[in-house]
Each structure stands twice: as structure tokens, then as C-alpha cells.
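Data block below; observations after.
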Number of protein chains: 4
Amino acid sequence: MEMLAVGAAPVNLRSDNVAGVAPEILAAIEAANAGTAPSYGADPITARLQDVFAELFETRCFVQPVATGTATNALALALIAPPYGAVYCTDVGHVHDSECGAGEFYTGGAKIVPLAHEHGRLRPKLLRAVLERAGIGHTGRVQPAALNLTQATERGTVYRLDELDELIGVAREYGMRVHMDGARFANAIAALGCRPADVTWRRGVDVLSFGATKNGAMGAEAVVVFTAELAEPLRFRARRAGQVFSKMRFISAQLEAYVRDGLWLRLASQANAMARRLADGIADLAGVRLLHPVEINEIFAEMPRPMIEGLLAAGFGLYDRGGDVRLVTAFNNTENEIDAFVAAARRLA
Amino acid sequence: MEMLAVGAAPVNLRSDNVAGVAPEILAAIEAANAGTAPSYGADPITARLQDVFAELFETRCFVQPVATGTATNALALALIAPPYGAVYCTDVGHVHDSECGAGEFYTGGAKIVPLAHEHGRLRPKLLRAVLERAGIGHTGRVQPAALNLTQATERGTVYRLDELDELIGVAREYGMRVHMDGARFANAIAALGCRPADVTWRRGVDVLSFGATKNGAMGAEAVVVFTAELAEPLRFRARRAGQVFSKMRFISAQLEAYVRDGLWLRLASQANAMARRLADGIADLAGVRLLHPVEINEIFAEMPRPMIEGLLAAGFGLYDRGGDVRLVTAFNNTENEIDAFVAAARRLA
Amino acid sequence: MEMLAVGAAPVNLRSDNVAGVAPEILAAIEAANAGTAPSYGADPITARLQDVFAELFETRCFVQPVATGTATNALALALIAPPYGAVYCTDVGHVHDSECGAGEFYTGGAKIVPLAHEHGRLRPKLLRAVLERAGIGHTGRVQPAALNLTQATERGTVYRLDELDELIGVAREYGMRVHMDGARFANAIAALGCRPADVTWRRGVDVLSFGATKNGAMGAEAVVVFTAELAEPLRFRARRAGQVFSKMRFISAQLEAYVRDGLWLRLASQANAMARRLADGIADLAGVRLLHPVEINEIFAEMPRPMIEGLLAAGFGLYDRGGDVRLVTAFNNTENEIDAFVAAARRLA
Amino acid sequence: MEMLAVGAAPVNLRSDNVAGVAPEILAAIEAANAGTAPSYGADPITARLQDVFAELFETRCFVQPVATGTATNALALALIAPPYGAVYCTDVGHVHDSECGAGEFYTGGAKIVPLAHEHGRLRPKLLRAVLERAGIGHTGRVQPAALNLTQATERGTVYRLDELDELIGVAREYGMRVHMDGARFANAIAALGCRPADVTWRRGVDVLSFGATKNGAMGAEAVVVFTAELAEPLRFRARRAGQVFSKMRFISAQLEAYVRDGLWLRLASQANAMARRLADGIADLAGVRLLHPVEINEIFAEMPRPMIEGLLAAGFGLYDRGGDVRLVTAFNNTENEIDAFVAAARRLA
């Protein structure tokens with residue numbers, strides 16, 4: 001481990017949620033602790049959040065702060081899919097694969113239909129083909145209700161605006177509503193360099209899971225509703241799901257600090273840049289092959305078994321998926337950390 | 001407002017969840033921010049919590065940290081009541097009255113049956129009478145499955161050990177399981193001066209909602225399972241409910257700090273003492289009548305309308321329930337604050 | 001048993017669903033058996049049913065034949081109450097008391113709120129008082145969504161038109177939708193002598209459980225939807241509930257025969273008349289006291305224990321409810337049968 | 001249409017549920033109409049059914065008569081899969097594809113996982129491969145709970161006993177319970193020539209959907225439970241699902257007549273033989289290709305478009321699936337009917 005700077009621990013790239021809390025956000029939590037505040041979201045910080053997000057998204061919207069990404073996704077789906085509805089996503093979609101059936105639970109038993117992906121992206125052609133044989137109007141079949149998109153995707157890629165137009169266009173033809181899972185929304189916006197509105201309501205997204213936890217918050221996410229009539233049901237569904245904090249100011253303060261003065265994009269840009277640096281550093285190593293384009297802060301790569309074992313033995317964190325690895329950089333990773341990882345990998349090559 | 005000490009704001013007694021976070025708990029959150037940690041509860045702090053609670057409750061148990069009281073209650077009920085079950089509680093029970101149907105949601109539609117209370121307490125005689133005509137075995141009727149007790153109760157009283165024995169005895173006769181809603185469990189333990197085990201598993205409680213948020217945490221509660229076979233379902237039900245935090249260390253750290261060195265009981269004792277001081281200070285005022293015994297940190301009282309209006313106008317916080325008021329003291333209320341409230345009330349009498 | 005005509009069995013008045021099938025309806029089933037027919041409701045008889053009911057109710061409506069009353073009620077409630085909604089009914093309401101939580105199941109966990117009744121009827125004043133403190137807009141509380149009325153009521157009485165106006169008026173003020181449980185709808189219409197439209201959509205009923213089984217069908221009920229946008233969800237909810245018969249023609253044929261040429265009202269009138277005859281025959285007996293007005297085919301009465309035991313010993317069927325009895329006449333009860341019952345009761349008086 | 005016997009209509013082979021009711025079963029319904037009977041399954045016929053099925057299956061079991069196949073399947077799954085469970089079936093499995101999400105509804109949101117089939121059969125190797133990466137114990141993933149097998153399959157094939165052993169063996173290794181969807185159970189037993197016990201509990205099946213409707217009943221199915229502790233929940237789940245008939249004797253009478261003196265197997269054998277005859281008659285026609293082995297009463301075949309159109313134009317019923325057809329013979333199809341179909345097809349070849 002001679003390659004590590006004195007005192008530095010090997011970087012943990014297993015996931016971005018192994019990281020802690022950004023200093024600005026922790027400071028906001030501490031500041032929110034002054035005095036008393038009305039509970040269950042009646043506090044001034046939560047009230048301000050409506051305006052903060054209206055400005056961020058350049059439109060009135062309704063923001064419901066909750067504490068987990070699974071909660072945002074499941075609440076969002078429950079708003080747009082009836083129990084007899086079908087929700088289409090990719091077969092690596094978080095709502096399908098990683099939330100223990102939360103979507104089924106919150107919707108009252110809708111069917112989540114996983115479709116093949118290309119580098120994490122759902123393709124319009126496949127969606128259309130599936131919808132054409134979905135049996136619309138046939139009571140034996142669940143009815144197309146919602147499209148779930150993850151932006152950025154679970155394979156570290158990003159939908160471009162024209163791709164969203166095409167995909168959401170198909171959904172709209174079939175009368176479906178659209179949910180965007182933005183667990184890594186900041187990373188996607190940083191990568192695209194566009195405005196948040198451009199990939200959401202301007203493209204036809206009805207409801208967004210706005211993630212902050214993976215990008216420096218402690219535990220703060222928000223359901224952002226752009227379609228007005230979905231706001232009222234959300235308030236009650238969130239409460240009944242046990243997702244409304246009595247001391248909500250502490251969630252709202254995280255969200256406010258997160259988007260203030262562009263912090264969220266600075267954090268995401270750093271994570272993205274570190275992934276880029278890491279990918280560039282290992283892409284040419286023997287036995288290493290990038291499996292998907294590296295567009296945000298995630299790298300999926302084939303890696304020789306001895307390299308994986310060696311990195312783990314040296315104390316580096318990575319997600320060993322059997323035949324390949326996932327490496328996720330976080331908002332607070334440094335060039336030194338990444339360079340140390342690359343150096344170790346090169347030595348093991 | 002001349003009665004206030006210089007710089008002091010009038011105390012807000014609307015609820016204990018208007019208070020912020022105890023310094024020791026905030027410090028634990030900050031300390032937990034060092035370095036990286038495995039997510040979703042695989043971190044060392046969460047692991048330690050199992051031992052911490054085993055010691056606290058003098059038995060092996062399973063602790064699932066979650067973030068809201070509603071979540072703890074709804075998860076607990078889902079463990080012990082099938083969809084065709086009946087859950088008995090009082091008609092002021094939080095699970096019936098204040099959680100927007102979370103219990104119905106999490107159980108898959110069990111029926112929550114509210115029964116008359118006496119100062120917040122459910123009486124064994126009434127429970128037995130209801131169970132006798134519940135139609136056991138008759139498929140048209142939901143089947144007795146669970147007893148929900150709130151300790152301390154929603155009216156600021158506490159079940160004594162012999163009361164628990166009698167009530168839970170009835171439940172056991174009918175094969176029901178027992179859930180204790182301990183949103184103010186610390187206040188109850190502080191009031192009773194007994195060990196946590198004495199009012200829970202030693203009395204036959206299967207699962208406990210262990211509250212911390214109302215008593216100085218930021219957002220930290222725990223489902224504590226004493227009946228072993230309920231632990232495994234809990235892990236999955238919590239995840240699917242969106243109640244498992246990716247950065248769970250920050251919840252677990254709150255809980256650890258909360259119970260370390262008896263902090264939780266010191267905080268609760270302070271709150272209880274302040275309620276006692278307040279009750280003693282206003283009980284003899286003209287038009288004031290205490291509606292329930294003041295056994296923890298809550299006071300329910302009739303209060304003359306001009307007194308209520310005057311206190312609110314002076315900036316004091318209280319819960320105006322129409323004909324009466326609720327006053328709740330918090331872990332960090334001081335004698336000065338309480339005395340200022342009493343003085344204001346006396347002047348308005 | 002010398003009072004019985006030769007060969008006659010003592011009449012069974014335990015419930016109207018102990019009776020079999022009216023000959024006209026059985027004949028319709030047999031006739032429907034000719035040839036093949038498209039399944040799942042695409043058959044000609046089911047298609048005709050839409051017109052038959054449009055004529056019966058003097059308006060376009062949507063009819064979904066199902067097979068149990070519980071199914072009609074639960075489906076109806078699921079159409080008009082969201083999971084976070086409250087359904088108001090009486091505390092003897094079938095949806096609350098006798099369906100093992102079907103309403104909770106089908107709605108995804110709505111709360112069914114039982115209110116005190118007067119002779120089976122819900123009173124507008126009580127409903128209004130409850131709604132006034134229901135906490136509308138407060139996310140901790142389930143939100144008023146639906147009014148459930150049973151016509152005729154579970155205590156054998158009937159809502160008059162002006163009573164419906166007043167009650168439904170309150171519901172409408174609060175934005176609630178209205179479900180009428182018409183398990184004994186025919187008996188109510190026969191008693192009121194009005195048109196079916198007069199007690200349903202003309203009064204503001206959104207959806208009706210149209211019962212036929214208790215009044216001579218084998219197993220045939222219908223959800224009748226008067227509010228157009230509820231029809232489409234009903235089709236899918238019924239299918240997913242396992243309530244759509246593959247050989248639906250046999251259910252639809254029952255319903256068609258039931259309403260053809262006023263059969264349903266003739267059957268109900270006979271049942272009602274027999275209850276009237278029975279009530280008149282026993283009302284003046286020592287120890288007998290009618291507990292509710294006898295307006296349809298049900299009698300609730302206090303009855304001396306020896307009389308109850310004597311009747312049961314003689315082979316008569318009645319529903320012994322402990323302190324009192326329920327007697328229900330059916331479409332095919334005869335004057336001789338009723339007279340034999342009365343004679344036996346008089347002898348036992 | 002000169003090939004048709006005088007007065008004969010072209011046979012409708014669209015599905016076996018386009019057929020009516022077998023005379024013996026209709027007679028049983030008529031016989032059950034005598035007198036009164038206790039409701040909701042307390043009648044003597046339903047009581048007898050427990051013994052009838054105990055004899056049929058050579059073991060004590062619990063029989064719950066319901067009226068639709070979807071209800072039997074959804075109830076069965078709800079008994080063996082918790083809300084956080086996964087149910088494995090084929091991608092043509094009725095529970096996945098044709099019941100509008102009934103399984104998701106009744107289980108409270110379990111995930112139904114469709115796997116590739118071979119001629120309708122699920123292969124043990126695939127099941128094992130899927131289970132190996134199912135993430136057992138990982139709370140982000142739904143947990144393997146139940147195997148759903150259709151016997152006979154949705155592609156007209158039958159699992160042999162050794163195939164069941166191997167497949168159920170894999171399920172048991174993983175602690176899963178087993179549901180057999182026997183919508184065409186009679187056809188499977190007739191094809192295999194084995195005892196009902198041999199393909200059910202002797203192979204490890206916990207719960208069976210015992211179909212009768214497709215094979216000559218009017219609307220009668222049964223959930224048959226072989227694992228004792230599942231019986232009690234079934235009674236309540238069925239009631240709350242609106243699946244318990246008040247006049248249950250009419251369902252039970254169908255089931256009793258169905259299995260009495262081997263009627264069910266005679267009916268199924270006839271249907272199977274007619275499918276065999278039909279397959280033999282068309283298999284060698286130009287452009288016709290059988291897609292799956294014809295082992296029961298279903299034929300799946302590629303068929304030239306002109307032949308399909310010609311048959312439909314001539315009044316024959318078939319299920320035109322776009323590129324291919326499904327032909328299903330019923331219990332009451334005759335050799336003449338089949339021969340007429342074959343003759344018409346040959347002329348169109």
C-alpha cells in the first residue's frame with residue numbers, strides 16, 4: 001500500500017451511498033436545530049422549499065420531502081398507476097429490481113413490467129412493440145398506465161433530450177403517465193449541462209423522484225409533482241406510508257442547502273469528473289473492458305479476477321458483481337484517491 | 001411580555017415534536033459522518049445497535065431503525081395482524097386516529113377497531129366484552145389478531161404493570177399478539193421507574209414501537225421485535241415500505257446516543273418534571289381543569305377562552321383543541337420557560 | 001307438529017338466502033345453456049343486460065354482473081374511495097360488519113367508519129357532525145370519500161326519498177360519493193312503490209349494489225354504475241378480483257329473468273307481504289316486541305326464550321341472536337307457511 | 001357449408017369455456033334447489049364435499065368452492081406468498097398473463113416472475129438458475145416464496161410425474177411452496193392416466209386450483225389445500241374477497257356431480273380425444289404446423305391466413321392469435337363436429 005499518501009485510506013467506490021454528508025448540508029441541519037418549529041411540514045423551511053423548487057424547475061410544482069429513494073419511487077408510481085395498471089421500466093430498473101416490491105405495495109398491486117435495456121436505457125421501439133400487444137381494453141390484462149425512466153440510468157448513462165422526446169412520445173400515445181427516477185438526477189443534469197426543466201416537465205414528465213442522498217445529503221429525497229392534480233393524493237399517501245417526518249425541517253433543510261447556489265451540481269460534477277478520470281485511467285488495462293459508456297459517476301467494467309481480489313485486499317471498495325465490477329464515485333472523492341485506485345489497478349494488471 | 005427573561009422566547013408547548021435535537025444526539029450524527037460506511041444497515045453502528053438494545057431490554061431482540069413513528073406502528077401491526085385480522089386499540093389511539101390509515105395500508109386492509117378509553121387507557125373489561133362478541137371463526141367477521149397499546153397513552157397517562165398484565169392477559173386468552181406504541185416510551189419508563197423489559201416482553205409484548213424523535217432525536221425510531229419469528233418478515237417489509245435508509249448509520253447513531261448512559265431517561269425525566277411543574281402551576285386557576293392525570297409530559301386541560309387567546313397572543317405555543325388545550329413539554333424545556341408560561345396564565349386568569 | 005298441513009315442512013326464516021331459486025330464473029339458466037357463447041361477458045345475454053338496465057333505471061348506466069353481494073359492495077367502494085379515504089356507514093352496515101373486511105381489501109385499506117343507526121338508518125345530523133370534525137385536509141386523518149347507504153337497511157327499514165335527499169345532500173356538501181348497498185333493493189322498491197331511478201341516480205347515488213340472490217336468484221348480483229367515469233375502472237377491478245365469470249351468460253341470464261316483466265318486484269312484494277303478515281300475527285303476543293318498524297321482509301323482535309326454543313324444536317328456522325330474533329321471509333314463502341309459524345308461536349306464548 | 005350435417009352448427013373451438021353445462025351437472029343444480037339450506041357453505045352438500053374430495057385425493061384436504069379460476073389462483077397464491085415474496089411461473093402462465101393482476105392484488109403486492117417456457121412447461125434448470133441469483137436474504141429483493149405450475153399447461157402439454165419431482169424438488173430446496181393451477185386438471189389427469197394424488201400432494205403440491213368450469217360446470221372451481229395450516233386463512237381470505245356464495249349449495253352441487261362416478265374424467269377424455277382427432281386431421285395439411293405437442297384438449301398451430309379466414313367465414317370458432325391459432329375442444333364436442341372442421345380445413349388447404 002506504499003502508493004497511498006500518508007494517512008489516506010483506500011477509496012471506497014462500492015456505491016455513492018457509502019459516503020457521508022457534505023459539509024454545507026450538515027451545516028444546514030445544524031442551523032435548522034435552532035428553536036422550535038411546527039411539525040409535519042408546517043415549518044418555514046419546508047414552506048420555502050416550494051418556492052426554491054419552483055425556481056429550480058422554472059414552474060410551480062409540488063414538493064414532498066421524504067427520506068428514501070424507494071419511498072419517492074413508490075409514492076410516484078402510486079400516483080400514476082392504478083392497481084390494475086402496468087408500469088414499464090427496464091429490467092435493471094431500480095423500481096423493478098432493488099426495492100423489494102415497493103412499487104407493487106404502494107400501488108396496491110400494479111404490475112411492474114421489466115423490458116430489455118441498452119446500456120441502461122429503454123428504447124422507444126421496444127416500448128412501442130410491447131404496448132402494441134399489451135391487450136388494451138382486454139380485462140384479462142393489466143392496462144398500460146405508467147412509464148418509469150431512470151435518469152441517469154442504472155448503468156451510468158444518460159437519456160438525451162431527443163431520446164426522452166421519443167420515448168415519452170410513445171408513452172403519451174398510449175395515454176400513459178411518466179415517472180422519472182432521479183436518484184442520480186444531479187449527475188444527469190451535470191452531465192447534460194441542461195436545465196432541470198428540460199429533462200422533466202418540458203419533456204412530459206409528470207412526477208420526479210429527486211434524489212439528494214447519493215450526492216451528499218444525509219437522508220433527503222423529494223417527490224416533485226408537475227401535474228397539479230397529483231399533488232393532493234401525494235400528501236395523504238405520503239403520510240399513510242409513514243413518510244412524513246414530524247421534524248420535517250431537518251429533511252427540508254438538507255434539500256434547501258443541496259440546491260442553494262448550485263451546490264448539488266458542483267457535487268455531482270465532481271463525482272462525474274472523478275468517474276471520468278478513473279475510467280480513463282483503467283480503460284486500457286489488460287483484461288479491463290468498460291461495459292457501458294461512462295456518462296455520470298458510475299463505471300461498469302469487466303476486470304480480471306486477480307485485479308479485483310488485489311484491490312479488495314488492498315482495502316479499496318468496489319462492488320464485485322461476479323464477472324464484473326461496479327465503481328461509483330462520490331461527491332467528495334478526490335483526484336488523489338482516484339489516482340491511488342488507478343495506480344493500484346495498474347500494478348495489478 | 002414583560003414577564004419573560006431578557007432574550008427568552010415564549011415557550012412552545014404545542015407538541016414535543018416542535019423541539020429540535022438534543023446536543024448529544026446531534027454530536028453523534030456529526031461523529032457518524034467520518035469516512036465511508038456500508039449502506040442499508042450493514043454499517044458498524046447499526047450492527048452495534050443490536051447489542052445495545054439487547055442490553056437495554058435484557059434479552060435478544062431485533063431492532064429495525066426507521067424514521068417515523070407511523071412507520072414503526074404500521075410495520076409492527078403488519079407483523080402481527082393478517083389482512084383479515086382485527087386490531088383493537090382505543091378511539092384516541094394514534095394508529096386509529098392520526099396516521100391516515102397507515103395501519104390499514106401496511107397490513108393489507110386489516111380492521112382497526114377503536115374502543116372507548118378511560119384517560120387514554122383501554123380497560124380489560126371492555127376488551128373482553130368486545131372479544132366475546134367478535135364472531136371468532138365466523139368468516140363474515142374479521143378475526144381478533146392484535147392488541148395495540150400506547151405506553152404512555154395519548155392522554156398522558158401510563159399503564160401500570162398490573163394493568164398491563166390484566167389487559168395483555170385478555171389478549172392472550174384470545175390468541176392475540178400485542179403491539180406497544182412507545183412513541184413516548186421514555187416518558188413512560190421515566191414515570192414508572194421500572195426497567196424497559198418490565199413493561200414489554202416480560203408482560204407479553206411481541207413488538208414495540210420505540211420512539212426517540214419526540215424526546216430529542218432528529219428522526220429516529222425503532223421497531224423492536226421480541227418474538228423471534230417476526231424479525232425476518234420485518235426486514236423485508238421495512239425495505240419494501242421505503243423505510244430502510246441507504247445511509248442508515250445516521251439513524252442508528254441517533255438511537256445509540258439516545259440510549260447511551262441513560263440519556264433517553266434523563267431527557268424524558270426533564271420533560272415529565274416540566275409538565276408536573278406546569279400542571280401544578282395552573283391547576284388551581286379559575287376555569288382551568290385538568291382532564292386527565294398528568295403522568296408524563298402531557299397536560300390536557302379545560303382552559304378559559306380568554307386565557308387561551310391571551311397565551312397565544314403572547315407568543316406561547318399550545319394545541320387549542322376547541323374546548324380544551326393540550327400542553328406538551330419537551331426534553332429541553334427549562335424551569336424558567338415553564339414559570340413564564342405559568343405566570344402568563346395566572347395573569348390571564 | 002299437528003299444526004302443519006300434511007307434507008309441509010316448518011318454514012325456515014333464518015335468512016332469505018336459505019331459499020332456493022325462483023322457477024323463472026332457473027328456467028332462464030337452463031335456456032342459456034343452449035349452444036356456445038363467447039366468454040367473460042362478451043355473450044349476447046350480457047350485452048342485452050346493458051339495455052335492460054338502462055330501461056329499468058331510465059338512464060344509461062354500466063352493469064357489471066358478479067356473483068356475491070360482498071363483491072358488489074367491495075367493488076363499489078373501491079371505485080369511489082381512495083386508499084386514504086373514509087367510508088361512512090352505520091355500525092350495522094353490512095360493509096362494516098359482515099364482509100370480513102372486503103371493503104378494506106378492495107379499496108387498498110380505506111377506513112370504514114361505523115356510525116350509530118336509528119332503526120338501521122344513518123341520520124344526516126350525525127353524519128354532518130362527524131364530517132365537521134373529520135380533519136379535512138389534515139394529512140394525519142383519512143379523508144371523507146364515500147357514503148355507504150343500505151337500502152333497505154340491515155334492520156328492515158327503508159329510506160324515504162326525502163331522507164335520501166337530506167343524507168346525500170350532506171355527503172355532496174363534503175364532496176363525497178355515494179354507494180347504495182341494495183342487497184334487498186327489490187324489497188325496498190316494492191315497499192316504497194317508487195321507480196328504481198327515484199332512489200338511486202335521481203337522488204345522487206353514484207353506484208348501486210343491485211342484489212338478486214336474496215330474492216330468488218341462484219347467485220347473481222350487479223354493480224350498477226351511474227357515474228360514467230367509474231365504469232372503466234370497474235371492468236378491470238372486477239376481473240382482477242376474480243369476479244368475472246368465464247361463462248358469464250349464466251349470471252346475466254339470471255339478472256335478465258329477474259327484472260323481466262317485473263318478476264323481481266313480484267317476488268319482493270310477496271316476501272314483504274309475508275313479513276307483514278307474520279309481524280301482525282305475533283306482535284301482540286306476550287313477551288314479543290318488535291324492535292324496528294317492519295317495512296320489508298325482515299322482522300327483528302324480542303321473543304321469550306321458551307318461545308324461541310319451542311319454535312326451533314318444532315323445526316322452524318330463525319336467527320337466534322341471543323336476546324332477540326331475526327325472522328326473514330323469502331320470495332317463495334306462502335301464507336300457509338307463515339300462518340303455521342304464527343300458530344306455533346301463539347301456542348308457545 | 002355442404003359438409004355439415006343437416007341442422008348442425010359449425011363447431012366453436014375458440015375456447016372450452018364457450019361450451020355450456022354438462023347435463024349431469026345441470027341436473028345437480030336443479031336437484032339442489034329443493035327446499036332451504038343454510039347459507040355460506042353450512043349446507044349439507046358443501047359439507048359432503050370435504051369427504052368427496054378426501055376420497056378423490058386419498059387424503060384429508062380442505063376444499064373451498066369458489067366460482068372463477070382467477071379466484072382460485074389468486075387465493076392460492078395469497079396463502080403461500082407474503083407481500084414481499086416472489087412467485088415463479090412461466091411467461092404464458094395464466095396467473096401472470098391473463099388475470100389482470102389478481103395475484104398481485106390478493107397477495108398484497110407480491111411479484112409474479114415470468115420465466116421462459118418450453119411448450120408451456122417450466123424447466124427445472126431455468127428455475128434453479130433464476131433462484132441462484134434471486135438475492136435470498138438481500139432486503140432489496142423480493143424473496144422466493146412460491147412456484148406456480150399449470151397442469152395441464154397453457155400450451156396444451158402435461159407435466160409428467162418425474163418432471164414434477166424435479167421441478168418441485170428445486171422449489172423445495174429453496175423453501176418455496178407450490179401451487180398447481182389446475183384449470184384443466186381433469187384433462188391432465190385423463191391424459192396421464194394417473195391418480196389425482198399422484199400429481200398433487202404426493203409430488204409436493206401445497207395447494208391446487210381445481211377447475212371444473214372449462215370442463216362442463218357452469219361456474220364452479222375449488223381451492224384444494226393439502227397443507228393443513230393454510231386452510232384457516234383460506235376461509236377468511238375467500239370471504240373477504242367476495243368469493244363465498246350465500247347459496248353455496250349450487251356451487252358445491254356442481255362440484256359433487258362433477259367428480260361423482262368419474263364424470264369429470266369422462267368429460268375430459270372426450271375433449272382430449274377430440275383434440276387428438278382434430279390434430280391428426282389437420283397436421284399434414286400444407287401450411288399447418290403444430291406448435292406444441294397435443295396432449296390434452298388444446299391445439300396450437302400455424303395455419304395459413306386463407307384457411308383461418310375461410311374457417312371463420314364458414315362459422316367455425318377459433319382463436320386467431322395473429323400468426324397462429326388456438327383450437328380448444330370441449331367436453332361435449334362430437335366426432336361429427338370435429339370431422340366437419342377437418343373437412344373444411346382440408347378444403348381450404
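Following the order of the C-alpha cells, first chain is A, next is B, and so on, with residues numbered from 1 inside each chain and ligands from 1 in the order they appear.
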Return as a PyMOL selection string the full set of residues in region 163-249 of chain B whose backbone-based DSSP assignment is strand (DSSP E or B). chain B and resi 177-182+207-211+221-225
What are the closest atom pairs, with distances in Å to one decimal, for each residue of chain A lying within 6 Å of chain B, using only C-alpha atoms, rows by chain and rising residue number, as CSV?
residue,atom,partner,partner_atom,distance
A:Val18,CA,B:Ala37,CA,4.9
A:Ala19,CA,B:Thr36,CA,4.8
A:Gly20,CA,B:Asn33,CA,5.1
A:Asn33,CA,B:Gly20,CA,5.2
A:Thr36,CA,B:Ala19,CA,4.8
A:Ala37,CA,B:Val18,CA,4.9
A:Pro38,CA,B:Val18,CA,5.4
A:Ser39,CA,B:Val18,CA,5.7
A:Thr68,CA,B:Phe245,CA,5.9
A:Thr70,CA,B:Gly242,CA,4.8
A:Ala71,CA,B:Gly242,CA,4.4
A:Glu99,CA,B:Arg240,CA,5.9
A:Cys100,CA,B:Arg240,CA,4.9
A:Gly101,CA,B:Arg240,CA,5.7
A:Ala102,CA,B:Arg240,CA,4.3
A:Arg240,CA,B:Ala102,CA,4.3
A:Ala241,CA,B:Ala102,CA,5.9
A:Gly242,CA,B:Ala71,CA,4.4
A:Phe245,CA,B:Thr68,CA,6.0
Spatial neighbours of Gly323 (chain D), 8 Å, only C-alpha atoms, chain gap at least 2 places, as a ChimeraX atom specification: /D:302-303,320-321,325
All alpha helix (DSSP H) residues (DSSP, backbone) inside region 5-150 of chain B, as a ChimeraX atom specification: /B:23-32,44-57,69-80,94-97,102-107,124-132
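As for CA of Glu118 (chain D) and CA of Ala301 (chain D), they are spaced 15.3 Å apart.
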What lies within 12 Å of Ala76 (chain A) using only C-alpha atoms, ignoring chain neighbours under 2 positions off, as a ChimeraX atom specification? /A:63-64,66,69-74,78-82,87,95,102-104,106-107,146-149,177-182,205-210,222-227,230-231,233-235,237-238
Can you tell me, as a list in words, what residues are no more than 7 Å from Val113 (chain B) when counting only C-alpha atoms, ignoring any on the same chain fewer than 5 positions away? Ala86, Val87, Tyr88 and Cys89 of chain B
Output C-alpha atoms for every residue in the selection just made, as a PDB file, in the first residue's frame.
ATOM      1  CA  ALA B  86     -58.803  -7.028  13.743  1.00  0.00           C
ATOM      2  CA  VAL B  87     -56.533  -4.746  15.705  1.00  0.00           C
ATOM      3  CA  TYR B  88     -58.005  -3.389  18.927  1.00  0.00           C
ATOM      4  CA  CYS B  89     -56.961  -0.022  20.257  1.00  0.00           C
TER       5      CYS B  89
END
Interatomic distance (Å, one decimal) between CA of Gly156 (chain C) and CA of Arg172 (chain C): 25.8 Å
From the list A:Asn297, A:Thr90, A:Asn215, A:Thr329, the nearest residue to Leu263 (chain A) using only C-alpha atoms is A:Asn215
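Across the structure, CA of Arg155 (chain A) and CA of Ile112 (chain D) are spaced 24.5 Å apart.
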Residue neighbourhood Asp165 (chain A), 12 Å, only C-alpha atoms, exclusion window fewer than 4 positions, as a list in words: Arg123, Pro124, Tyr159, Arg160, Leu161, Gly169, Val170, Ala171, Arg172, Glu173, Val178, Asp198, Val199, Thr200, Trp201, Arg202, Arg203, Gly204 and Val205 of chain A
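Omitting Ala349 (chain B) and its sequence neighbours fewer than 4 positions away, and counting only C-alpha atoms, the residues within 9 Å are B:Leu285, B:Ala286, B:Gly287, B:Val288, B:Pro304, B:Pro306, B:Met307, B:Ala344, B:Ala345.
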